[in-house]
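Shown below: model11.pdb, with PDB, C-alpha atoms and all ligand atoms.
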```
ATOM      1  CA  MET V  22     -10.798  -3.386  -5.206  1.00  0.00           C
ATOM      2  CA  LYS V  23      -7.020  -3.293  -5.408  1.00  0.00           C
ATOM      3  CA  LYS V  24      -5.356  -2.570  -8.725  1.00  0.00           C
ATOM      4  CA  VAL V  25      -2.557  -4.898  -9.790  1.00  0.00           C
ATOM      5  CA  LEU V  26      -0.179  -4.034 -12.619  1.00  0.00           C
ATOM      6  CA  ILE V  27       2.335  -6.601 -13.825  1.00  0.00           C
ATOM      7  CA  LEU V  28       5.322  -5.456 -15.874  1.00  0.00           C
ATOM      8  CA  ASP V  29       6.621  -8.687 -17.314  1.00  0.00           C
ATOM      9  CA  GLY V  30      10.173  -8.606 -18.692  1.00  0.00           C
ATOM     10  CA  SER V  31      10.018 -12.111 -20.186  1.00  0.00           C
ATOM     11  CA  THR V  32      11.602 -12.551 -23.575  1.00  0.00           C
ATOM     12  CA  ARG V  33      10.350 -16.066 -24.375  1.00  0.00           C
ATOM     13  CA  LYS V  34       6.891 -17.610 -24.391  1.00  0.00           C
ATOM     14  CA  ASN V  35       5.968 -20.175 -21.730  1.00  0.00           C
ATOM     15  CA  GLY V  36       9.151 -19.433 -19.825  1.00  0.00           C
ATOM     16  CA  ASN V  37       9.486 -20.057 -16.100  1.00  0.00           C
ATOM     17  CA  THR V  38       8.767 -16.389 -15.387  1.00  0.00           C
ATOM     18  CA  SER V  39       5.373 -16.634 -17.078  1.00  0.00           C
ATOM     19  CA  TYR V  40       4.395 -19.424 -14.673  1.00  0.00           C
ATOM     20  CA  LEU V  41       5.400 -17.280 -11.680  1.00  0.00           C
ATOM     21  CA  VAL V  42       3.267 -14.485 -13.134  1.00  0.00           C
ATOM     22  CA  GLN V  43       0.309 -16.763 -13.909  1.00  0.00           C
ATOM     23  CA  HIS V  44       0.194 -18.152 -10.361  1.00  0.00           C
ATOM     24  CA  PHE V  45       0.511 -14.670  -8.876  1.00  0.00           C
ATOM     25  CA  MET V  46      -2.397 -13.519 -11.088  1.00  0.00           C
ATOM     26  CA  ASP V  47      -4.501 -16.564 -10.160  1.00  0.00           C
ATOM     27  CA  GLY V  48      -4.031 -15.653  -6.487  1.00  0.00           C
ATOM     28  CA  ALA V  49      -4.847 -11.995  -7.093  1.00  0.00           C
ATOM     29  CA  LYS V  50      -8.030 -12.970  -8.978  1.00  0.00           C
ATOM     30  CA  GLU V  51      -9.421 -14.301  -5.680  1.00  0.00           C
ATOM     31  CA  HIS V  52      -9.940 -10.666  -4.595  1.00  0.00           C
ATOM     32  CA  THR V  53      -9.790  -8.358  -7.584  1.00  0.00           C
ATOM     33  CA  ASP V  54     -10.712  -8.071 -11.260  1.00  0.00           C
ATOM     34  CA  LEU V  55      -8.437  -5.073 -11.734  1.00  0.00           C
ATOM     35  CA  ILE V  56      -5.367  -6.927 -12.943  1.00  0.00           C
ATOM     36  CA  GLU V  57      -3.336  -5.903 -15.957  1.00  0.00           C
ATOM     37  CA  HIS V  58      -0.470  -7.987 -17.314  1.00  0.00           C
ATOM     38  CA  ILE V  59       1.876  -6.182 -19.706  1.00  0.00           C
ATOM     39  CA  LEU V  60       4.618  -7.913 -21.670  1.00  0.00           C
ATOM     40  CA  VAL V  61       7.020  -5.000 -21.791  1.00  0.00           C
ATOM     41  CA  LYS V  62       8.864  -6.205 -24.894  1.00  0.00           C
ATOM     42  CA  ASP V  63       5.643  -5.550 -26.833  1.00  0.00           C
ATOM     43  CA  LEU V  64       5.507  -1.879 -25.813  1.00  0.00           C
ATOM     44  CA  ASN V  65       6.980   0.999 -27.752  1.00  0.00           C
ATOM     45  CA  ILE V  66       9.195   2.536 -25.077  1.00  0.00           C
ATOM     46  CA  LYS V  67      12.135   4.681 -26.149  1.00  0.00           C
ATOM     47  CA  TYR V  68      15.376   4.718 -24.175  1.00  0.00           C
ATOM     48  CA  CYS V  69      15.844   7.443 -21.570  1.00  0.00           C
ATOM     49  CA  ASN V  70      18.039   9.946 -23.417  1.00  0.00           C
ATOM     50  CA  GLY V  71      19.394  11.604 -20.271  1.00  0.00           C
ATOM     51  CA  CYS V  72      17.980  15.047 -21.108  1.00  0.00           C
ATOM     52  CA  LEU V  73      17.043  15.491 -17.408  1.00  0.00           C
ATOM     53  CA  ARG V  74      14.161  17.813 -18.341  1.00  0.00           C
ATOM     54  CA  CYS V  75      12.017  15.698 -15.992  1.00  0.00           C
ATOM     55  CA  ASN V  76      13.769  17.487 -13.120  1.00  0.00           C
ATOM     56  CA  LEU V  77      12.012  20.673 -14.283  1.00  0.00           C
ATOM     57  CA  ILE V  78       8.787  19.586 -15.970  1.00  0.00           C
ATOM     58  CA  LYS V  79       7.871  16.762 -13.527  1.00  0.00           C
ATOM     59  CA  ARG V  80       7.257  14.255 -16.318  1.00  0.00           C
ATOM     60  CA  CYS V  81       9.250  12.597 -19.060  1.00  0.00           C
ATOM     61  CA  ALA V  82       9.986  14.901 -22.014  1.00  0.00           C
ATOM     62  CA  ILE V  83      10.043  12.026 -24.532  1.00  0.00           C
ATOM     63  CA  ARG V  84       6.810  11.950 -26.529  1.00  0.00           C
ATOM     64  CA  ASN V  85       5.284   9.610 -29.103  1.00  0.00           C
ATOM     65  CA  ASP V  86       5.809   6.365 -27.282  1.00  0.00           C
ATOM     66  CA  ASP V  87       3.855   4.277 -24.751  1.00  0.00           C
ATOM     67  CA  TRP V  88       5.439   5.758 -21.607  1.00  0.00           C
ATOM     68  CA  GLU V  89       2.759   8.384 -20.903  1.00  0.00           C
ATOM     69  CA  GLU V  90      -0.007   5.786 -20.844  1.00  0.00           C
ATOM     70  CA  LEU V  91       2.130   3.299 -18.927  1.00  0.00           C
ATOM     71  CA  SER V  92       3.268   5.848 -16.348  1.00  0.00           C
ATOM     72  CA  THR V  93      -0.380   6.769 -15.661  1.00  0.00           C
ATOM     73  CA  LYS V  94      -1.108   3.087 -14.998  1.00  0.00           C
ATOM     74  CA  ILE V  95       1.961   2.753 -12.768  1.00  0.00           C
ATOM     75  CA  LEU V  96       0.916   5.738 -10.655  1.00  0.00           C
ATOM     76  CA  ALA V  97      -2.655   4.447 -10.320  1.00  0.00           C
ATOM     77  CA  THR V  98      -1.852   0.900  -9.254  1.00  0.00           C
ATOM     78  CA  ASP V  99      -1.734  -0.435  -5.685  1.00  0.00           C
ATOM     79  CA  VAL V 100       0.419  -3.459  -6.438  1.00  0.00           C
ATOM     80  CA  LEU V 101       3.269  -3.069  -8.910  1.00  0.00           C
ATOM     81  CA  VAL V 102       4.816  -6.339 -10.047  1.00  0.00           C
ATOM     82  CA  PHE V 103       8.111  -6.627 -11.909  1.00  0.00           C
ATOM     83  CA  ALA V 104       8.702 -10.081 -13.338  1.00  0.00           C
ATOM     84  CA  SER V 105      11.914 -11.076 -15.074  1.00  0.00           C
ATOM     85  CA  PRO V 106      14.328 -13.840 -15.881  1.00  0.00           C
ATOM     86  CA  ILE V 107      17.778 -12.979 -14.527  1.00  0.00           C
ATOM     87  CA  TYR V 108      20.046 -11.979 -17.420  1.00  0.00           C
ATOM     88  CA  PHE V 109      23.679 -11.418 -16.393  1.00  0.00           C
ATOM     89  CA  HIS V 110      22.684 -10.770 -12.764  1.00  0.00           C
ATOM     90  CA  HIS V 111      20.057  -8.231 -13.818  1.00  0.00           C
ATOM     91  CA  VAL V 112      16.570  -7.891 -15.260  1.00  0.00           C
ATOM     92  CA  THR V 113      16.114  -8.237 -19.028  1.00  0.00           C
ATOM     93  CA  ALA V 114      16.768  -5.251 -21.293  1.00  0.00           C
ATOM     94  CA  PRO V 115      13.077  -4.376 -21.957  1.00  0.00           C
ATOM     95  CA  LEU V 116      12.461  -4.092 -18.220  1.00  0.00           C
ATOM     96  CA  LYS V 117      15.679  -2.143 -17.591  1.00  0.00           C
ATOM     97  CA  ASN V 118      14.503   0.283 -20.258  1.00  0.00           C
ATOM     98  CA  ILE V 119      11.309   0.885 -18.248  1.00  0.00           C
ATOM     99  CA  ILE V 120      13.275   1.293 -15.009  1.00  0.00           C
ATOM    100  CA  ASP V 121      15.392   4.065 -16.547  1.00  0.00           C
ATOM    101  CA  ARG V 122      12.204   5.943 -17.454  1.00  0.00           C
ATOM    102  CA  PHE V 123      11.255   5.873 -13.723  1.00  0.00           C
ATOM    103  CA  ARG V 124      13.761   8.734 -13.452  1.00  0.00           C
ATOM    104  CA  SER V 125      10.893  11.003 -14.539  1.00  0.00           C
ATOM    105  CA  PHE V 126       8.959  10.165 -11.337  1.00  0.00           C
ATOM    106  CA  ILE V 127      11.642  11.762  -9.154  1.00  0.00           C
ATOM    107  CA  HIS V 128      13.361  15.073  -8.598  1.00  0.00           C
ATOM    108  CA  VAL V 129      17.072  14.466  -8.138  1.00  0.00           C
ATOM    109  CA  GLN V 130      19.388  16.930  -6.416  1.00  0.00           C
ATOM    110  CA  ILE V 131      23.175  16.548  -6.158  1.00  0.00           C
ATOM    111  CA  THR V 132      24.430  17.019  -2.598  1.00  0.00           C
ATOM    112  CA  GLU V 133      27.919  17.068  -1.070  1.00  0.00           C
ATOM    113  CA  THR V 134      27.556  13.424  -0.052  1.00  0.00           C
ATOM    114  CA  GLY V 135      25.473  11.884  -2.819  1.00  0.00           C
ATOM    115  CA  LEU V 136      22.057  12.382  -4.427  1.00  0.00           C
ATOM    116  CA  LYS V 137      18.805  13.515  -2.819  1.00  0.00           C
ATOM    117  CA  HIS V 138      15.724  11.907  -4.370  1.00  0.00           C
ATOM    118  CA  THR V 139      12.282  13.478  -3.995  1.00  0.00           C
ATOM    119  CA  PRO V 140       9.337  11.780  -5.733  1.00  0.00           C
ATOM    120  CA  TRP V 141       6.797  14.010  -7.517  1.00  0.00           C
ATOM    121  CA  HIS V 142       3.904  11.814  -6.372  1.00  0.00           C
ATOM    122  CA  THR V 143       2.834  10.003  -3.217  1.00  0.00           C
ATOM    123  CA  TRP V 144       3.648   6.321  -3.493  1.00  0.00           C
ATOM    124  CA  ASN V 145       2.180   3.805  -1.051  1.00  0.00           C
ATOM    125  CA  LYS V 146       2.513   0.656  -3.073  1.00  0.00           C
ATOM    126  CA  ASP V 147       3.405  -2.970  -2.747  1.00  0.00           C
ATOM    127  CA  PHE V 148       6.319  -3.658  -5.069  1.00  0.00           C
ATOM    128  CA  VAL V 149       6.714  -7.287  -6.089  1.00  0.00           C
ATOM    129  CA  LEU V 150       9.693  -8.950  -7.744  1.00  0.00           C
ATOM    130  CA  LEU V 151       9.135 -12.310  -9.434  1.00  0.00           C
ATOM    131  CA  LEU V 152      12.504 -13.626 -10.586  1.00  0.00           C
ATOM    132  CA  SER V 153      13.566 -16.758 -12.386  1.00  0.00           C
ATOM    133  CA  MET V 154      17.193 -17.818 -12.787  1.00  0.00           C
ATOM    134  CA  GLY V 155      19.257 -20.701 -14.064  1.00  0.00           C
ATOM    135  CA  SER V 156      21.723 -20.704 -11.186  1.00  0.00           C
ATOM    136  CA  SER V 157      21.299 -22.906  -8.123  1.00  0.00           C
ATOM    137  CA  ASP V 158      22.520 -19.946  -6.051  1.00  0.00           C
ATOM    138  CA  ASP V 159      20.186 -16.969  -5.719  1.00  0.00           C
ATOM    139  CA  ILE V 160      23.161 -14.638  -5.339  1.00  0.00           C
ATOM    140  CA  ASP V 161      22.728 -13.986  -9.080  1.00  0.00           C
ATOM    141  CA  ALA V 162      19.580 -12.000  -8.215  1.00  0.00           C
ATOM    142  CA  LYS V 163      21.341  -9.829  -5.595  1.00  0.00           C
ATOM    143  CA  PRO V 164      21.945  -6.773  -7.821  1.00  0.00           C
ATOM    144  CA  VAL V 165      18.270  -6.728  -8.856  1.00  0.00           C
ATOM    145  CA  ILE V 166      17.021  -7.005  -5.294  1.00  0.00           C
ATOM    146  CA  GLU V 167      19.377  -4.240  -4.169  1.00  0.00           C
ATOM    147  CA  LEU V 168      18.155  -2.026  -7.019  1.00  0.00           C
ATOM    148  CA  PHE V 169      14.492  -2.543  -6.094  1.00  0.00           C
ATOM    149  CA  GLU V 170      15.173  -1.967  -2.376  1.00  0.00           C
ATOM    150  CA  PHE V 171      16.652   1.360  -3.445  1.00  0.00           C
ATOM    151  CA  MET V 172      13.804   2.166  -5.877  1.00  0.00           C
ATOM    152  CA  LYS V 173      10.981   1.487  -3.442  1.00  0.00           C
ATOM    153  CA  ASP V 174      12.818   3.612  -0.835  1.00  0.00           C
ATOM    154  CA  ILE V 175      13.425   6.647  -3.056  1.00  0.00           C
ATOM    155  CA  LEU V 176       9.868   6.571  -4.383  1.00  0.00           C
ATOM    156  CA  GLY V 177       8.300   6.809  -0.929  1.00  0.00           C
ATOM    157  CA  ASP V 178       8.393   5.678   2.707  1.00  0.00           C
ATOM    158  CA  GLY V 179       5.066   3.850   2.344  1.00  0.00           C
ATOM    159  CA  ASN V 180       6.308   1.329  -0.225  1.00  0.00           C
ATOM    160  CA  HIS V 181       7.020  -2.313   0.546  1.00  0.00           C
ATOM    161  CA  LEU V 182       9.019  -4.865  -1.431  1.00  0.00           C
ATOM    162  CA  HIS V 183       8.119  -8.569  -1.686  1.00  0.00           C
ATOM    163  CA  THR V 184      10.496 -10.870  -3.541  1.00  0.00           C
ATOM    164  CA  ILE V 185      10.104 -14.371  -4.935  1.00  0.00           C
ATOM    165  CA  LYS V 186      13.124 -16.083  -6.477  1.00  0.00           C
ATOM    166  CA  GLY V 187      13.084 -19.271  -8.523  1.00  0.00           C
ATOM    167  CA  THR V 188      16.487 -20.971  -8.817  1.00  0.00           C
ATOM    168  CA  ARG V 189      17.837 -23.812 -11.003  1.00  0.00           C
ATOM    169  CA  LEU V 190      15.378 -23.046 -13.817  1.00  0.00           C
ATOM    170  CA  ALA V 191      17.394 -23.218 -17.021  1.00  0.00           C
ATOM    171  CA  ILE V 192      15.002 -24.841 -19.507  1.00  0.00           C
ATOM    172  CA  THR V 193      11.755 -23.306 -20.677  1.00  0.00           C
ATOM    173  CA  ARG V 194       8.724 -24.601 -18.717  1.00  0.00           C
ATOM    174  CA  GLN V 195      11.076 -26.368 -16.271  1.00  0.00           C
ATOM    175  CA  ILE V 196       9.165 -25.029 -13.294  1.00  0.00           C
ATOM    176  CA  GLN V 197       6.054 -26.834 -14.483  1.00  0.00           C
ATOM    177  CA  LYS V 198       7.648 -30.219 -15.238  1.00  0.00           C
ATOM    178  CA  SER V 199       6.621 -33.403 -13.442  1.00  0.00           C
ATOM    179  CA  GLU V 200       9.040 -35.332 -11.238  1.00  0.00           C
ATOM    180  CA  ILE V 201       9.514 -37.925 -14.008  1.00  0.00           C
ATOM    181  CA  GLU V 202      10.224 -35.226 -16.591  1.00  0.00           C
ATOM    182  CA  LEU V 203      12.836 -33.702 -14.257  1.00  0.00           C
ATOM    183  CA  GLN V 204      14.407 -37.136 -13.696  1.00  0.00           C
ATOM    184  CA  GLU V 205      14.837 -37.461 -17.465  1.00  0.00           C
ATOM    185  CA  LEU V 206      16.098 -33.908 -17.849  1.00  0.00           C
ATOM    186  CA  TYR V 207      18.689 -33.693 -15.068  1.00  0.00           C
ATOM    187  CA  PRO V 208      21.294 -36.150 -16.475  1.00  0.00           C
ATOM    188  CA  LYS V 209      21.202 -34.131 -19.725  1.00  0.00           C
ATOM    189  CA  LEU V 210      21.963 -31.012 -17.672  1.00  0.00           C
ATOM    190  CA  LYS V 211      24.660 -32.971 -15.780  1.00  0.00           C
ATOM    191  CA  LEU V 212      22.710 -32.501 -12.556  1.00  0.00           C
ATOM    192  CA  PRO V 213      22.330 -35.362 -10.035  1.00  0.00           C
ATOM    193  CA  GLU V 214      19.080 -37.256 -10.690  1.00  0.00           C
ATOM    194  CA  LYS V 215      18.307 -37.232  -6.964  1.00  0.00           C
ATOM    195  CA  LEU V 216      17.725 -33.467  -7.184  1.00  0.00           C
ATOM    196  CA  ALA V 217      14.676 -34.084  -9.397  1.00  0.00           C
ATOM    197  CA  LYS V 218      12.396 -35.057  -6.512  1.00  0.00           C
ATOM    198  CA  LEU V 219      13.603 -32.154  -4.354  1.00  0.00           C
ATOM    199  CA  ASP V 220      13.176 -29.677  -7.216  1.00  0.00           C
ATOM    200  CA  PHE V 221       9.733 -30.950  -8.123  1.00  0.00           C
ATOM    201  CA  GLU V 222       8.636 -30.177  -4.541  1.00  0.00           C
ATOM    202  CA  LYS V 223      10.581 -26.877  -4.508  1.00  0.00           C
ATOM    203  CA  ASN V 224       8.940 -25.708  -7.752  1.00  0.00           C
ATOM    204  CA  LYS V 225       5.452 -26.629  -6.527  1.00  0.00           C
ATOM    205  CA  LYS V 226       6.095 -24.669  -3.317  1.00  0.00           C
ATOM    206  CA  LEU V 227       7.396 -21.707  -5.288  1.00  0.00           C
ATOM    207  CA  LEU V 228       4.295 -21.502  -7.503  1.00  0.00           C
ATOM    208  CA  ASN V 229       2.103 -21.795  -4.418  1.00  0.00           C
ATOM    209  CA  GLU V 230       4.081 -18.932  -2.824  1.00  0.00           C
ATOM    210  CA  CYS V 231       3.320 -16.813  -5.903  1.00  0.00           C
ATOM    211  CA  PHE V 232      -0.384 -17.646  -5.645  1.00  0.00           C
ATOM    212  CA  LYS V 233      -0.462 -16.791  -1.923  1.00  0.00           C
ATOM    213  CA  LEU V 234       1.399 -13.518  -2.415  1.00  0.00           C
ATOM    214  CA  GLY V 235      -1.023 -12.490  -5.182  1.00  0.00           C
ATOM    215  CA  GLU V 236      -3.943 -13.424  -2.966  1.00  0.00           C
ATOM    216  CA  ASN V 237      -2.598 -11.586   0.101  1.00  0.00           C
ATOM    217  CA  LEU V 238      -1.578  -8.388  -1.657  1.00  0.00           C
ATOM    218  CA  SER V 239      -4.845  -8.015  -3.546  1.00  0.00           C
ATOM    219  CA  SER V 240      -7.057  -8.395  -0.491  1.00  0.00           C
ATOM    220  CA  ILE V 241      -8.175  -5.175   1.186  1.00  0.00           C
TER     221      ILE V 241
HETATM  222  C1  LIG A   1      21.202 -13.850 -21.891  1.00  0.00           C
HETATM  223  C2  LIG A   1      20.985 -14.711 -20.679  1.00  0.00           C
HETATM  224  C3  LIG A   1      21.663 -14.408 -19.511  1.00  0.00           C
HETATM  225  C4  LIG A   1      21.446 -15.159 -18.350  1.00  0.00           C
HETATM  226  N1  LIG A   1      22.101 -14.821 -17.204  1.00  0.00           N
HETATM  227  C5  LIG A   1      21.877 -15.526 -16.081  1.00  0.00           C
HETATM  228  C6  LIG A   1      22.535 -15.177 -14.859  1.00  0.00           C
HETATM  229  O1  LIG A   1      23.312 -14.239 -14.783  1.00  0.00           O
HETATM  230  N2  LIG A   1      22.273 -15.930 -13.761  1.00  0.00           N
HETATM  231  C7  LIG A   1      21.399 -16.978 -13.779  1.00  0.00           C
HETATM  232  O2  LIG A   1      21.173 -17.601 -12.748  1.00  0.00           O
HETATM  233  N3  LIG A   1      20.748 -17.332 -14.921  1.00  0.00           N
HETATM  234  C8  LIG A   1      20.961 -16.619 -16.058  1.00  0.00           C
HETATM  235  N4  LIG A   1      20.298 -16.953 -17.222  1.00  0.00           N
HETATM  236  C9  LIG A   1      19.295 -18.059 -17.192  1.00  0.00           C
HETATM  237  C10 LIG A   1      17.854 -17.547 -17.019  1.00  0.00           C
HETATM  238  O3  LIG A   1      17.756 -16.568 -16.009  1.00  0.00           O
HETATM  239  C11 LIG A   1      16.922 -18.691 -16.615  1.00  0.00           C
HETATM  240  O4  LIG A   1      16.990 -19.732 -17.536  1.00  0.00           O
HETATM  241  C12 LIG A   1      15.494 -18.246 -16.422  1.00  0.00           C
HETATM  242  O5  LIG A   1      14.768 -19.247 -15.753  1.00  0.00           O
HETATM  243  C13 LIG A   1      14.819 -17.936 -17.762  1.00  0.00           C
HETATM  244  O6  LIG A   1      13.513 -17.481 -17.524  1.00  0.00           O
HETATM  245  P1  LIG A   1      12.351 -17.772 -18.595  1.00  0.00           P
HETATM  246  O7  LIG A   1      12.188 -19.289 -18.605  1.00  0.00           O
HETATM  247  O8  LIG A   1      11.164 -17.076 -18.051  1.00  0.00           O
HETATM  248  O9  LIG A   1      12.787 -17.237 -19.905  1.00  0.00           O
HETATM  249  C14 LIG A   1      20.526 -16.244 -18.385  1.00  0.00           C
HETATM  250  C15 LIG A   1      19.852 -16.552 -19.583  1.00  0.00           C
HETATM  251  C16 LIG A   1      20.094 -15.804 -20.717  1.00  0.00           C
HETATM  252  C17 LIG A   1      19.350 -16.152 -21.994  1.00  0.00           C
END
```
Take the structure I supplied and represent it as structure tokens, if you would.
Amino acid sequence: MKKVLILDGSTRKNGNTSYLVQHFMDGAKEHTDLIEHILVKDLNIKYCNGCLRCNLIKRCAIRNDDWEELSTKILATDVLVFASPIYFHHVTAPLKNIIDRFRSFIHVQITETGLKHTPWHTWNKDFVLLLSMGSSDDIDAKPVIELFEFMKDILGDGNHLHTIKGTRLAITRQIQKSEIELQELYPKLKLPEKLAKLDFEKNKKLLNECFKLGENLSSI
């Protein structure tokens, strides 16, 4: 059975991101029971302090927080999901904090032209990005997608990245609202009412995409 680990950067309950995550998990449950969903804001993870000792000791030197246990889970999983609302064109701070600690998975060497990254472990994982944003234009997610393209590449040739982006999702639970609820909401957001029908269909399709991706990636 495939292992699925979800690192959820949500900061509010019942947000749009949690619906993306829930549908992904529902799909994954079709094939596996080995699913763990972690709300990263609830973990005790210290900031990377830049000591760079990981370049020598092949693990993070920071002790007495939840990273050691989390990093063991990250290394053991087959499917690694990062879920986040877009905050200022990036992931939320709790998730960024985790990403910085990924430095301890890699040996980094300065070269004449840039940096050479060599992972300490073999990574053959499916990376998944589930993103929710207020903007109607998914360009706001570009920096995050570029970062994860880079991360999955430096961590190993066998990694793949799958991305799902939900746009025009400003209000909590908006993704789950009925067409009538959206029709009532859109004038308050100064959005054309005619978009409500389109968005109701778009949101349904998006949640179905999450389900399908969870189902596909968890099957052997
Ligand atoms: C601090 C903050 C910064 C945000 N920055 C952006 C942004 O740069 N681009 C964007 O499209 N939406 C932005 N948003 C809107 C959220 O990404 C959007 O409402 C998202 O659907 C929230 O997800 P949630 O419902 O899971 O909390 C921001 C929201 C907050 C609170």
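Of the listed residues (V:Pro106, V:Gly155, V:Gly187, V:Gly177), V:Gly177 comes nearest to Trp141 (chain V); the distances count all atoms listed in the file.
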Against ligand LIG 1 (chain A), which residues of chain V fall within 10 Å? For each one I want the closest pair of atoms and the distance in Å (one decimal), counting all atoms listed in the file, rows by chain and increasing residue number, as a tab-separated table.
```
residue	atom	partner	partner_atom	distance
V:Asp29	CA	A:LIG1	O8	9.6
V:Gly30	CA	A:LIG1	O8	8.6
V:Ser31	CA	A:LIG1	O8	5.5
V:Thr32	CA	A:LIG1	O9	6.1
V:Arg33	CA	A:LIG1	O9	5.2
V:Lys34	CA	A:LIG1	O9	7.4
V:Asn35	CA	A:LIG1	O7	7.0
V:Gly36	CA	A:LIG1	O7	3.3
V:Asn37	CA	A:LIG1	O7	3.8
V:Thr38	CA	A:LIG1	O8	3.6
V:Ser39	CA	A:LIG1	O8	5.9
V:Tyr40	CA	A:LIG1	O8	7.9
V:Leu41	CA	A:LIG1	O8	8.6
V:Val42	CA	A:LIG1	O8	9.7
V:Ala104	CA	A:LIG1	O8	8.8
V:Ser105	CA	A:LIG1	O8	6.7
V:Pro106	CA	A:LIG1	O6	4.1
V:Ile107	CA	A:LIG1	O3	3.9
V:Tyr108	CA	A:LIG1	N1	3.5
V:Phe109	CA	A:LIG1	O1	3.3
V:His110	CA	A:LIG1	O1	4.1
V:His111	CA	A:LIG1	O1	6.9
V:Val112	CA	A:LIG1	O3	8.8
V:Thr113	CA	A:LIG1	C1	8.1
V:Ala114	CA	A:LIG1	C1	9.7
V:Leu152	CA	A:LIG1	O5	8.0
V:Ser153	CA	A:LIG1	O5	4.4
V:Met154	CA	A:LIG1	O3	3.5
V:Gly155	CA	A:LIG1	N3	3.8
V:Ser156	CA	A:LIG1	O2	3.5
V:Ser157	CA	A:LIG1	O2	7.0
V:Asp158	CA	A:LIG1	O2	7.2
V:Asp159	CA	A:LIG1	O2	7.1
V:Ile160	CA	A:LIG1	O2	8.2
V:Asp161	CA	A:LIG1	N2	5.1
V:Ala162	CA	A:LIG1	N2	7.3
V:Lys186	CA	A:LIG1	O5	9.9
V:Gly187	CA	A:LIG1	O5	7.4
V:Thr188	CA	A:LIG1	O2	7.0
V:Arg189	CA	A:LIG1	O2	7.3
V:Leu190	CA	A:LIG1	O5	4.3
V:Ala191	CA	A:LIG1	O4	3.5
V:Ile192	CA	A:LIG1	O4	5.8
V:Thr193	CA	A:LIG1	O7	4.5
V:Arg194	CA	A:LIG1	O7	6.3
V:Gln195	CA	A:LIG1	O7	7.5
V:Ile196	CA	A:LIG1	O7	8.4
```
Just to be explicit: take each residue in the selection above, keep C-alpha atoms, and write the result as a compact mmCIF listing (two decimals), in the coordinates of the input.
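Listed below is the output, result_19.txt:
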```
# COMPACT_ATOMS: atom_id res chain seq x y z
CA ASP V 29 6.62 -8.69 -17.31
CA GLY V 30 10.17 -8.61 -18.69
CA SER V 31 10.02 -12.11 -20.19
CA THR V 32 11.60 -12.55 -23.58
CA ARG V 33 10.35 -16.07 -24.38
CA LYS V 34 6.89 -17.61 -24.39
CA ASN V 35 5.97 -20.18 -21.73
CA GLY V 36 9.15 -19.43 -19.82
CA ASN V 37 9.49 -20.06 -16.10
CA THR V 38 8.77 -16.39 -15.39
CA SER V 39 5.37 -16.63 -17.08
CA TYR V 40 4.39 -19.42 -14.67
CA LEU V 41 5.40 -17.28 -11.68
CA VAL V 42 3.27 -14.48 -13.13
CA ALA V 104 8.70 -10.08 -13.34
CA SER V 105 11.91 -11.08 -15.07
CA PRO V 106 14.33 -13.84 -15.88
CA ILE V 107 17.78 -12.98 -14.53
CA TYR V 108 20.05 -11.98 -17.42
CA PHE V 109 23.68 -11.42 -16.39
CA HIS V 110 22.68 -10.77 -12.76
CA HIS V 111 20.06 -8.23 -13.82
CA VAL V 112 16.57 -7.89 -15.26
CA THR V 113 16.11 -8.24 -19.03
CA ALA V 114 16.77 -5.25 -21.29
CA LEU V 152 12.50 -13.63 -10.59
CA SER V 153 13.57 -16.76 -12.39
CA MET V 154 17.19 -17.82 -12.79
CA GLY V 155 19.26 -20.70 -14.06
CA SER V 156 21.72 -20.70 -11.19
CA SER V 157 21.30 -22.91 -8.12
CA ASP V 158 22.52 -19.95 -6.05
CA ASP V 159 20.19 -16.97 -5.72
CA ILE V 160 23.16 -14.64 -5.34
CA ASP V 161 22.73 -13.99 -9.08
CA ALA V 162 19.58 -12.00 -8.22
CA LYS V 186 13.12 -16.08 -6.48
CA GLY V 187 13.08 -19.27 -8.52
CA THR V 188 16.49 -20.97 -8.82
CA ARG V 189 17.84 -23.81 -11.00
CA LEU V 190 15.38 -23.05 -13.82
CA ALA V 191 17.39 -23.22 -17.02
CA ILE V 192 15.00 -24.84 -19.51
CA THR V 193 11.76 -23.31 -20.68
CA ARG V 194 8.72 -24.60 -18.72
CA GLN V 195 11.08 -26.37 -16.27
CA ILE V 196 9.16 -25.03 -13.29
```
May I have the residues within 6 Å of region 225-233 of chain V as a PyMOL selection string, using all atoms listed in the file and disregarding those fewer than 2 positions away in the same chain? chain V and resi 44-45+48+222-223+235-237
Once the PyMOL selection byres (((chain V and resi 58) around 7) and not hetatm) is applied to the coordinates I shared, what remains selected? I want it as number ranges by chain. V: 26-28, 56-57, 59-60
Give the answer as one residue: which of V:Asn65, V:Thr134, V:Gln204, V:Thr98 has the shortest atom-to-atom distance to Ser239 (chain V), using all atoms listed in the file?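 The closest residue to Ser239 (chain V) is V:Thr98.
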Which of these, V:Phe103, V:Phe123, V:Trp88, V:Trp144, has the shortest distance to Asn180 (chain V) once you count only C-alpha atoms? V:Trp144
Write out as a list in words the residues lying within 9 Å of Lys198 (chain V), counting all atoms listed in the file and excluding same-chain residues fewer than 4 positions away.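 Contacts, with the query itself left out: Arg194, Glu202, Leu203, Phe221 and Asn224 of chain V.
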